[in-house]
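Below is one structure, written out as structure tokens; comments come after it.
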Amino acid sequence: MGSTFLAAVGRMAVCGGTHGNELSGVYVVREMERQRKVKGDGVWPIPVTTVLSNPRAVKECRRYTDTDMNRCFSSVILSSPITDSSPYEVRRAQELNTMLGPKGSADAIDMICDLHNTTSNMGLTLIHYNTNDWMTLHICKYLQTKITQVPVRVVMLDIPISDAYSLESVSKHGFSIEVGPQPHGVIRADIYNIMKEGVDVTLEWIRKFNSGTVFEGGEMEVFMFQSSIDYPRDPETQELNAAIHPQLQDRDFCLLKKGDPVFLSFSGETLKYEEEEPRHPFFINECAYYEKGIAFHLAKKVMLPIPTVQVKKD
Amino acid sequence: MSSRCNISGLQEAKRVAIFGGTHGNEMSGIMLVNMWINNAAEIERNGLVTKPFISNPRAVEKCTRYIDTDLNRAFTPENLSAPDVEGLQYEVQRAKEISQMFGPKGSPGAYDVIFDLHNTTSNMGSTLILESSTDLFNLQMVNYIKTSTQHLNTLAKVFPCNKKIKKAMAPHTCPVLLNENPHLKYSTTRSVAKHPIGLEVGPQPQGVLRSNVFESMRTILKHALDFLEIFNSGVEFPPCTVEVFRAHERMDYPRDTNGNITAMVHPHLQDCDWEPLNRGDPMFLTFDGRTILYEGASTVYPTFINEAAYYEKQQAFMTTCREILAANAIRKTVKVKS
């Protein structure tokens, strides 16, 4: 197969604190800013904009102040008029869109790498929108060869870019790096180191790619988001009356088959997976998803052929 | 060999409370208490009345630790005697209400026992927290709980500390933290009772409900209530010894002049609650990869390692010293009709 030629990565942004209590990204961004002060801009292969996305939430060590900012980047919300009663995060999302976008335009930054943590046992997971963008998949493939302490996987969301609601969709080739498990409001050294390495290896890929390295294609295992499952709830109070079953807890990306245990009710009853199609659960028991009515997401594992890529020379 | 004179006669424990939601994002206690408010069958025992109670309902509703101030630090004499005025912090108002309902502390009408249910992001297993080394009743209850659970492999135990090269001590079933240190002691919600006991089970992220943690807490309470029922029935508990970890010192993160932390708990200390920490052992790791060592003179046993809620309280971990406490035999005093 011949190479697919892609434009060089000109500028990128590394964003932390999109959720103010997901601390690895906050401290990676701070550490990168310190390195820039000490070593100058040449410390990275290309210009890197470091961003603390939601400074108010970071200061309060909360996910958000008014509304989840990582749901504010759809084209509709980005173009909505700002009034006095607009939530802080909507204003800030529009500011970030001006700074790093505008989304969908030729001026948008080439790449946003948005850093997140999860309470789920997801190792290092790249998350991105399905845009036939080989770059993210190649970065994932490269990360898999360099990062060995935890599994490295990629999740794809099949949502058109205009509807895509998260920060990285502002850029031309954006993705999130999600590392867990880590409680919100806590910084674990092992998780921080994985996140830092994720960013450093991404920059290394960019350096190699921009300087002409050919990255071989092949088949990549990709998890395509399908659906979500909520907790069982008391019909009157809507309160949870079961927890993720101990045999499912911490087993993100395992294969869930019909009849497998998923919930253990407070009264001791095991609730089982009822669907015919086996699926791969992820974001199992993510703290922030209780209020969104999500116990876990389900994905279909797909083998995606990706082409060999190299930089387009002018 | 017990001498008949060394049996301490103690009052029976008739009024018992189980507090959940003292911190509104510590989910095990909240779900257990709500469950028991709906159906108290599981916590019923002969000879005692057990009241399940949500201490900080507004914080629970928002799934946050507290609204204005930490309820579990609010039971100071100053707060409890504060006049009812506009603008009183929510938790101070709540502390006064709780003190009225379940205390006041030191009065004959105070509840006999309060169990206060907490979760921690630290790898502390199922820790029991005591505030006094001379409360025989509590020491005997804790001994009963530890003995009843030592063979259970389903209880939330301290996870193996896999960074240590040396063989770790056998996993503790219920480590006991004794916080009697006047510099570290704080005015807890449960302190209004005659016999306060804290249950701290982790690791569990704030706002998350883990099944194994929930079930461990439930099991401990089952044994605790069994103890109360047995004690109230007149059974004598023989003298015992209890291994405790006495709170010694609070260790903060290294910080810069702006108060921001400049290092993280070192991977070799992370998750190693209750394991010995010696001079020269790694303690913190800076963001640019430099190791900071523990310099203390003697072996300590760290706990509350990397608890989310303690960043703002300037605590990365707490050091403790291991001690064996002895407790007399105890038996319920029989009322003599005059």
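Please note that chains go A, B, ... in the order of the structure tokens, that every chain numbers its residues from 1, and that ligands are numbered from 1 in the order shown.
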
Could you pull out the residues in stretch 63-255 of chain B that DSSP calls strand (DSSP E or B) from the backbone, as a PyMOL selection string?
chain B and resi 113-119+125-130+176-178+195-202+237+240-251+255

What's the 10 Å shell around A:Pro81, counting only C-alpha atoms, without same-chain residues fewer than 6 positions away, as an MDAnalysis selection string?
chainID A and resid 90:91 94

Keeping only C-alpha atoms, write those residues as an mmCIF file, in the first residue's frame.
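Here's the written file part_38.cif:
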```cif
data_model
loop_
_atom_site.group_PDB
_atom_site.id
_atom_site.type_symbol
_atom_site.label_atom_id
_atom_site.label_comp_id
_atom_site.auth_asym_id
_atom_site.auth_seq_id
_atom_site.Cartn_x
_atom_site.Cartn_y
_atom_site.Cartn_z
ATOM 1 C CA VAL A 90 -20.312 28.554 28.005
ATOM 2 C CA ARG A 91 -18.488 31.910 28.018
ATOM 3 C CA GLN A 94 -16.427 30.526 23.398
#
```

As a list in words, could you give me every residue of chain A near chain B (at most 7 Å apart, counting only C-alpha atoms)?
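Therefore, the residues near the partner are Glu31, Thr119, Pro183, His184, Gly185, Val186, Ile187, Arg188, Ala189, Asp190, Ala243, Ile244, His245, Pro246, Asn285 and Cys287 of chain A.
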
Export all heavy atoms of the chosen residues as a short mmCIF file (atom, residue, chain, number, x, y, z; two decimals), in the first residue's frame?
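Here's the written file again08.cif:
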```
data_model
loop_
_atom_site.label_atom_id
_atom_site.label_comp_id
_atom_site.auth_asym_id
_atom_site.auth_seq_id
_atom_site.Cartn_x
_atom_site.Cartn_y
_atom_site.Cartn_z
N GLU A 31 3.72 21.98 34.79
CA GLU A 31 5.11 21.54 34.65
C GLU A 31 5.66 21.92 33.28
O GLU A 31 6.80 22.35 33.14
CB GLU A 31 5.20 20.02 34.88
CG GLU A 31 6.56 19.38 34.61
CD GLU A 31 7.71 19.92 35.44
OE1 GLU A 31 7.47 20.61 36.47
OE2 GLU A 31 8.88 19.68 35.04
N THR A 119 -12.20 7.95 37.32
CA THR A 119 -12.16 7.02 38.45
C THR A 119 -12.23 5.57 37.94
O THR A 119 -12.10 4.63 38.73
CB THR A 119 -13.32 7.27 39.43
OG1 THR A 119 -14.57 7.17 38.72
CG2 THR A 119 -13.22 8.66 40.06
N PRO A 183 -8.88 8.98 41.88
CA PRO A 183 -10.02 9.72 42.42
C PRO A 183 -9.92 11.19 41.99
O PRO A 183 -8.82 11.72 41.83
CB PRO A 183 -9.84 9.61 43.94
CG PRO A 183 -8.91 8.45 44.15
CD PRO A 183 -8.02 8.43 42.95
N HIS A 184 -11.05 11.84 41.80
CA HIS A 184 -11.02 13.27 41.49
C HIS A 184 -10.52 14.03 42.72
O HIS A 184 -10.78 13.63 43.85
CB HIS A 184 -12.41 13.74 41.04
CG HIS A 184 -12.85 13.04 39.78
ND1 HIS A 184 -12.01 12.85 38.72
CD2 HIS A 184 -14.03 12.46 39.45
CE1 HIS A 184 -12.66 12.19 37.76
NE2 HIS A 184 -13.90 11.95 38.18
N GLY A 185 -9.74 15.06 42.48
CA GLY A 185 -9.19 15.83 43.60
C GLY A 185 -7.93 15.24 44.19
O GLY A 185 -7.42 15.72 45.20
N VAL A 186 -7.41 14.18 43.57
CA VAL A 186 -6.19 13.52 44.06
C VAL A 186 -5.16 13.52 42.94
O VAL A 186 -5.51 13.35 41.77
CB VAL A 186 -6.53 12.06 44.48
CG1 VAL A 186 -5.28 11.18 44.52
CG2 VAL A 186 -7.23 12.04 45.82
N ILE A 187 -3.89 13.71 43.28
CA ILE A 187 -2.84 13.51 42.29
C ILE A 187 -2.01 12.30 42.70
O ILE A 187 -1.43 12.26 43.79
CB ILE A 187 -1.99 14.78 42.06
CG1 ILE A 187 -0.91 14.50 41.02
CG2 ILE A 187 -1.32 15.28 43.32
CD1 ILE A 187 -1.09 15.21 39.73
N ARG A 188 -2.02 11.27 41.85
CA ARG A 188 -1.20 10.08 42.07
C ARG A 188 0.03 10.19 41.18
O ARG A 188 -0.09 10.50 39.98
CB ARG A 188 -1.97 8.82 41.67
CG ARG A 188 -3.03 8.35 42.65
CD ARG A 188 -3.67 7.06 42.16
NE ARG A 188 -2.70 5.98 42.18
CZ ARG A 188 -2.67 5.01 43.10
NH1 ARG A 188 -3.55 4.99 44.07
NH2 ARG A 188 -1.76 4.05 43.04
N ALA A 189 1.19 9.88 41.75
CA ALA A 189 2.44 10.00 40.98
C ALA A 189 2.46 9.05 39.79
O ALA A 189 2.89 9.42 38.69
CB ALA A 189 3.65 9.74 41.88
N ASP A 190 1.97 7.82 39.97
CA ASP A 190 2.03 6.86 38.86
C ASP A 190 1.15 7.31 37.69
O ASP A 190 1.56 7.24 36.53
CB ASP A 190 1.67 5.43 39.31
CG ASP A 190 0.36 5.32 40.08
OD1 ASP A 190 -0.33 6.35 40.29
OD2 ASP A 190 0.02 4.19 40.49
N ALA A 243 -25.02 -1.43 43.13
CA ALA A 243 -23.68 -0.94 42.76
C ALA A 243 -23.14 -1.82 41.64
O ALA A 243 -23.63 -2.94 41.43
CB ALA A 243 -22.75 -1.00 43.97
N ILE A 244 -22.14 -1.32 40.94
CA ILE A 244 -21.46 -2.15 39.93
C ILE A 244 -21.03 -3.45 40.60
O ILE A 244 -20.46 -3.42 41.71
CB ILE A 244 -20.22 -1.43 39.37
CG1 ILE A 244 -20.60 -0.15 38.63
CG2 ILE A 244 -19.39 -2.35 38.47
CD1 ILE A 244 -21.15 -0.34 37.24
N HIS A 245 -21.31 -4.57 39.98
CA HIS A 245 -20.99 -5.87 40.56
C HIS A 245 -19.48 -6.01 40.73
O HIS A 245 -18.71 -5.59 39.86
CB HIS A 245 -21.53 -6.98 39.65
CG HIS A 245 -21.61 -8.31 40.32
ND1 HIS A 245 -20.49 -9.11 40.51
CD2 HIS A 245 -22.66 -8.97 40.89
CE1 HIS A 245 -20.85 -10.21 41.14
NE2 HIS A 245 -22.15 -10.15 41.40
N PRO A 246 -19.03 -6.63 41.86
CA PRO A 246 -17.58 -6.81 42.07
C PRO A 246 -16.89 -7.52 40.91
O PRO A 246 -15.70 -7.28 40.67
CB PRO A 246 -17.51 -7.66 43.34
CG PRO A 246 -18.78 -7.38 44.05
CD PRO A 246 -19.81 -7.11 43.01
N ASN A 285 -18.16 2.86 36.42
CA ASN A 285 -18.17 3.53 37.72
C ASN A 285 -17.35 4.82 37.72
O ASN A 285 -16.52 5.04 38.61
CB ASN A 285 -17.72 2.58 38.85
CG ASN A 285 -18.35 2.93 40.19
OD1 ASN A 285 -18.96 3.98 40.34
ND2 ASN A 285 -18.21 2.05 41.16
N CYS A 287 -17.18 8.54 38.49
CA CYS A 287 -17.86 9.41 39.45
C CYS A 287 -18.76 10.44 38.78
O CYS A 287 -19.90 10.63 39.17
CB CYS A 287 -16.79 10.10 40.28
SG CYS A 287 -17.40 11.40 41.31
#
```

Selection: 12 Å around A:Leu271, only C-alpha atoms, excl. self and same-chain fewer than 5 positions, as a PyMOL selection string
chain A and resi 231-232+241-248+258-266

Residue selection dump (C-alpha atoms) as a compact mmCIF listing (two decimals), in the first residue's frame:
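Generated file (out06.txt):
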```
# COMPACT_ATOMS: atom_id res chain seq x y z
CA TYR A 231 -27.73 2.12 37.40
CA PRO A 232 -30.87 0.39 38.62
CA ASN A 241 -30.34 0.63 44.74
CA ALA A 242 -27.42 -1.34 43.35
CA ALA A 243 -23.68 -0.94 42.76
CA ILE A 244 -21.46 -2.15 39.93
CA HIS A 245 -20.99 -5.87 40.56
CA PRO A 246 -17.58 -6.81 42.07
CA GLN A 247 -16.97 -9.04 39.03
CA LEU A 248 -17.37 -6.10 36.67
CA LYS A 258 -25.32 -12.16 27.99
CA GLY A 259 -25.74 -13.54 31.52
CA ASP A 260 -22.58 -11.91 32.93
CA PRO A 261 -23.08 -10.09 36.26
CA VAL A 262 -23.26 -6.29 35.99
CA PHE A 263 -24.90 -4.99 39.21
CA LEU A 264 -25.20 -6.21 42.80
CA SER A 265 -28.27 -4.81 44.50
CA PHE A 266 -28.25 -3.73 48.13
```

8 Å contact set for A:Val9, only C-alpha atoms, chain neighbours under 3 positions out, as a CSV table (one decimal) with C-alpha atoms, in the first residue's frame:
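To be explicit, this is the file written out as selection.csv:
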```csv
chain,number,residue,atom,x,y,z
A,12,MET,CA,-0.7,22.3,19.0
A,46,ILE,CA,6.7,22.7,17.4
A,110,ASP,CA,-3.8,21.7,14.1
A,111,MET,CA,-4.0,19.6,17.3
A,206,ILE,CA,5.0,14.8,15.9
A,210,ASN,CA,7.2,16.4,10.7
```

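For the pair atom CA of A:Trp134 and atom CA of A:Arg251, the separation is 28.1 Å.
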
What is the distance, in Å and to one decimal place, between atom CA of A:Met224 and atom CA of A:His280?
9.3 Å

So which residues touch A:Phe225 within 12 Å, counting only C-alpha atoms, skipping near sequence neighbours fewer than 4 positions away, as a list in words?
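Surrounding residues, per the criterion: Ile127, His128, Tyr129, Asn130, Val154, Val155, Met156, Leu157, Asp158, Ile159, Phe253, Arg279, His280, Pro281, Phe282, Phe283, Phe296, His297, Leu298, Ala299, Lys300, Lys301 and Val302 of chain A.
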
Prev. selection, N, CA and C atoms, output as a PDB file, in the first residue's frame:
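So out.pdb came out as:
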```pdb
ATOM      1  N   ILE A 127      -9.376   9.256  23.240  1.00  0.00           N
ATOM      2  CA  ILE A 127     -10.766   9.346  22.806  1.00  0.00           C
ATOM      3  C   ILE A 127     -10.829  10.362  21.688  1.00  0.00           C
ATOM      4  N   HIS A 128     -11.446   9.965  20.562  1.00  0.00           N
ATOM      5  CA  HIS A 128     -11.580  10.969  19.513  1.00  0.00           C
ATOM      6  C   HIS A 128     -12.789  10.701  18.614  1.00  0.00           C
ATOM      7  N   TYR A 129     -13.157  11.737  17.896  1.00  0.00           N
ATOM      8  CA  TYR A 129     -14.300  11.643  16.996  1.00  0.00           C
ATOM      9  C   TYR A 129     -13.858  11.010  15.685  1.00  0.00           C
ATOM     10  N   ASN A 130     -14.733  10.212  15.123  1.00  0.00           N
ATOM     11  CA  ASN A 130     -14.434   9.468  13.906  1.00  0.00           C
ATOM     12  C   ASN A 130     -14.418  10.398  12.703  1.00  0.00           C
ATOM     13  N   VAL A 154      -7.791   2.971  22.128  1.00  0.00           N
ATOM     14  CA  VAL A 154      -8.464   4.123  21.530  1.00  0.00           C
ATOM     15  C   VAL A 154      -9.967   3.858  21.429  1.00  0.00           C
ATOM     16  N   VAL A 155     -10.733   4.883  21.826  1.00  0.00           N
ATOM     17  CA  VAL A 155     -12.189   4.848  21.730  1.00  0.00           C
ATOM     18  C   VAL A 155     -12.604   5.871  20.688  1.00  0.00           C
ATOM     19  N   MET A 156     -13.525   5.476  19.824  1.00  0.00           N
ATOM     20  CA  MET A 156     -14.000   6.399  18.784  1.00  0.00           C
ATOM     21  C   MET A 156     -15.457   6.718  18.980  1.00  0.00           C
ATOM     22  N   LEU A 157     -15.775   8.004  18.798  1.00  0.00           N
ATOM     23  CA  LEU A 157     -17.162   8.437  18.883  1.00  0.00           C
ATOM     24  C   LEU A 157     -17.626   8.780  17.470  1.00  0.00           C
ATOM     25  N   ASP A 158     -18.677   8.120  17.035  1.00  0.00           N
ATOM     26  CA  ASP A 158     -19.162   8.333  15.664  1.00  0.00           C
ATOM     27  C   ASP A 158     -20.159   9.485  15.656  1.00  0.00           C
ATOM     28  N   ILE A 159     -19.659  10.687  15.852  1.00  0.00           N
ATOM     29  CA  ILE A 159     -20.515  11.880  15.913  1.00  0.00           C
ATOM     30  C   ILE A 159     -19.938  12.909  14.956  1.00  0.00           C
ATOM     31  N   PHE A 253     -13.114  -2.584  29.410  1.00  0.00           N
ATOM     32  CA  PHE A 253     -12.750  -3.167  28.113  1.00  0.00           C
ATOM     33  C   PHE A 253     -12.759  -4.690  28.092  1.00  0.00           C
ATOM     34  N   ARG A 279     -20.447  -6.934  24.251  1.00  0.00           N
ATOM     35  CA  ARG A 279     -19.893  -5.603  24.083  1.00  0.00           C
ATOM     36  C   ARG A 279     -18.779  -5.385  25.101  1.00  0.00           C
ATOM     37  N   HIS A 280     -18.027  -4.291  24.922  1.00  0.00           N
ATOM     38  CA  HIS A 280     -16.929  -3.976  25.827  1.00  0.00           C
ATOM     39  C   HIS A 280     -17.300  -2.756  26.661  1.00  0.00           C
ATOM     40  N   PRO A 281     -17.478  -2.936  27.985  1.00  0.00           N
ATOM     41  CA  PRO A 281     -17.828  -1.799  28.834  1.00  0.00           C
ATOM     42  C   PRO A 281     -16.601  -0.943  29.132  1.00  0.00           C
ATOM     43  N   PHE A 282     -16.803   0.369  29.235  1.00  0.00           N
ATOM     44  CA  PHE A 282     -15.733   1.264  29.672  1.00  0.00           C
ATOM     45  C   PHE A 282     -16.358   2.431  30.427  1.00  0.00           C
ATOM     46  N   PHE A 283     -15.536   3.251  31.054  1.00  0.00           N
ATOM     47  CA  PHE A 283     -16.032   4.249  32.010  1.00  0.00           C
ATOM     48  C   PHE A 283     -16.931   3.552  33.037  1.00  0.00           C
ATOM     49  N   PHE A 296     -22.005   2.765  32.984  1.00  0.00           N
ATOM     50  CA  PHE A 296     -20.890   2.478  32.075  1.00  0.00           C
ATOM     51  C   PHE A 296     -21.344   2.665  30.631  1.00  0.00           C
ATOM     52  N   HIS A 297     -20.369   2.862  29.734  1.00  0.00           N
ATOM     53  CA  HIS A 297     -20.621   2.896  28.293  1.00  0.00           C
ATOM     54  C   HIS A 297     -20.346   1.506  27.732  1.00  0.00           C
ATOM     55  N   LEU A 298     -20.894   1.243  26.556  1.00  0.00           N
ATOM     56  CA  LEU A 298     -20.606  -0.014  25.861  1.00  0.00           C
ATOM     57  C   LEU A 298     -20.013   0.286  24.495  1.00  0.00           C
ATOM     58  N   ALA A 299     -19.010  -0.501  24.120  1.00  0.00           N
ATOM     59  CA  ALA A 299     -18.357  -0.305  22.822  1.00  0.00           C
ATOM     60  C   ALA A 299     -18.298  -1.612  22.063  1.00  0.00           C
ATOM     61  N   LYS A 300     -18.225  -1.453  20.733  1.00  0.00           N
ATOM     62  CA  LYS A 300     -18.028  -2.601  19.852  1.00  0.00           C
ATOM     63  C   LYS A 300     -16.561  -2.563  19.423  1.00  0.00           C
ATOM     64  N   LYS A 301     -15.888  -3.699  19.519  1.00  0.00           N
ATOM     65  CA  LYS A 301     -14.472  -3.722  19.101  1.00  0.00           C
ATOM     66  C   LYS A 301     -14.405  -3.950  17.598  1.00  0.00           C
ATOM     67  N   VAL A 302     -13.649  -3.095  16.916  1.00  0.00           N
ATOM     68  CA  VAL A 302     -13.565  -3.147  15.456  1.00  0.00           C
ATOM     69  C   VAL A 302     -12.091  -3.188  15.058  1.00  0.00           C
TER      70      VAL A 302
END
```

Enumerate, as a PyMOL selection string, the complete set of residues in stretch 76-289 of chain B that a backbone-based DSSP assignment places in helix (DSSP H, G or I).
chain B and resi 77-80+90-102+136-149+189-192+211-232

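For B:Pro239, the list of residues within 6 Å, based on only C-alpha atoms and with local chain neighbours fewer than 3 positions off taken out, reads Ala327, Asn328 and Ala329 of chain B.
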
Compile the contact shell of A:Ser162 as an MDAnalysis selection string: residues with an atom at most 9 Å away, counting only C-alpha atoms, same-chain residues fewer than 4 positions apart removed.
chainID A and resid 73:76 103:104 169

Point-to-point distance in Å for atom CA of B:Leu130 and atom CA of B:Tyr301
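We find that atom CA of B:Tyr301 and atom CA of B:Leu130 lie 16.5 Å from each other.
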
Nearest candidate to A:Lys196 (options A:Arg11, A:Arg30, A:His19, A:Arg233; using only C-alpha atoms)
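Distance minimum relative to A:Lys196 lands on A:Arg30.
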
Rank nothing, just name the residue among B:Ser28, B:Gly125, B:Pro77, B:Arg250 nearest to B:His183, using only C-alpha atoms.
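Between B:Ser28, B:Gly125, B:Pro77, B:Arg250, the residue approaching B:His183 most closely is B:Arg250.
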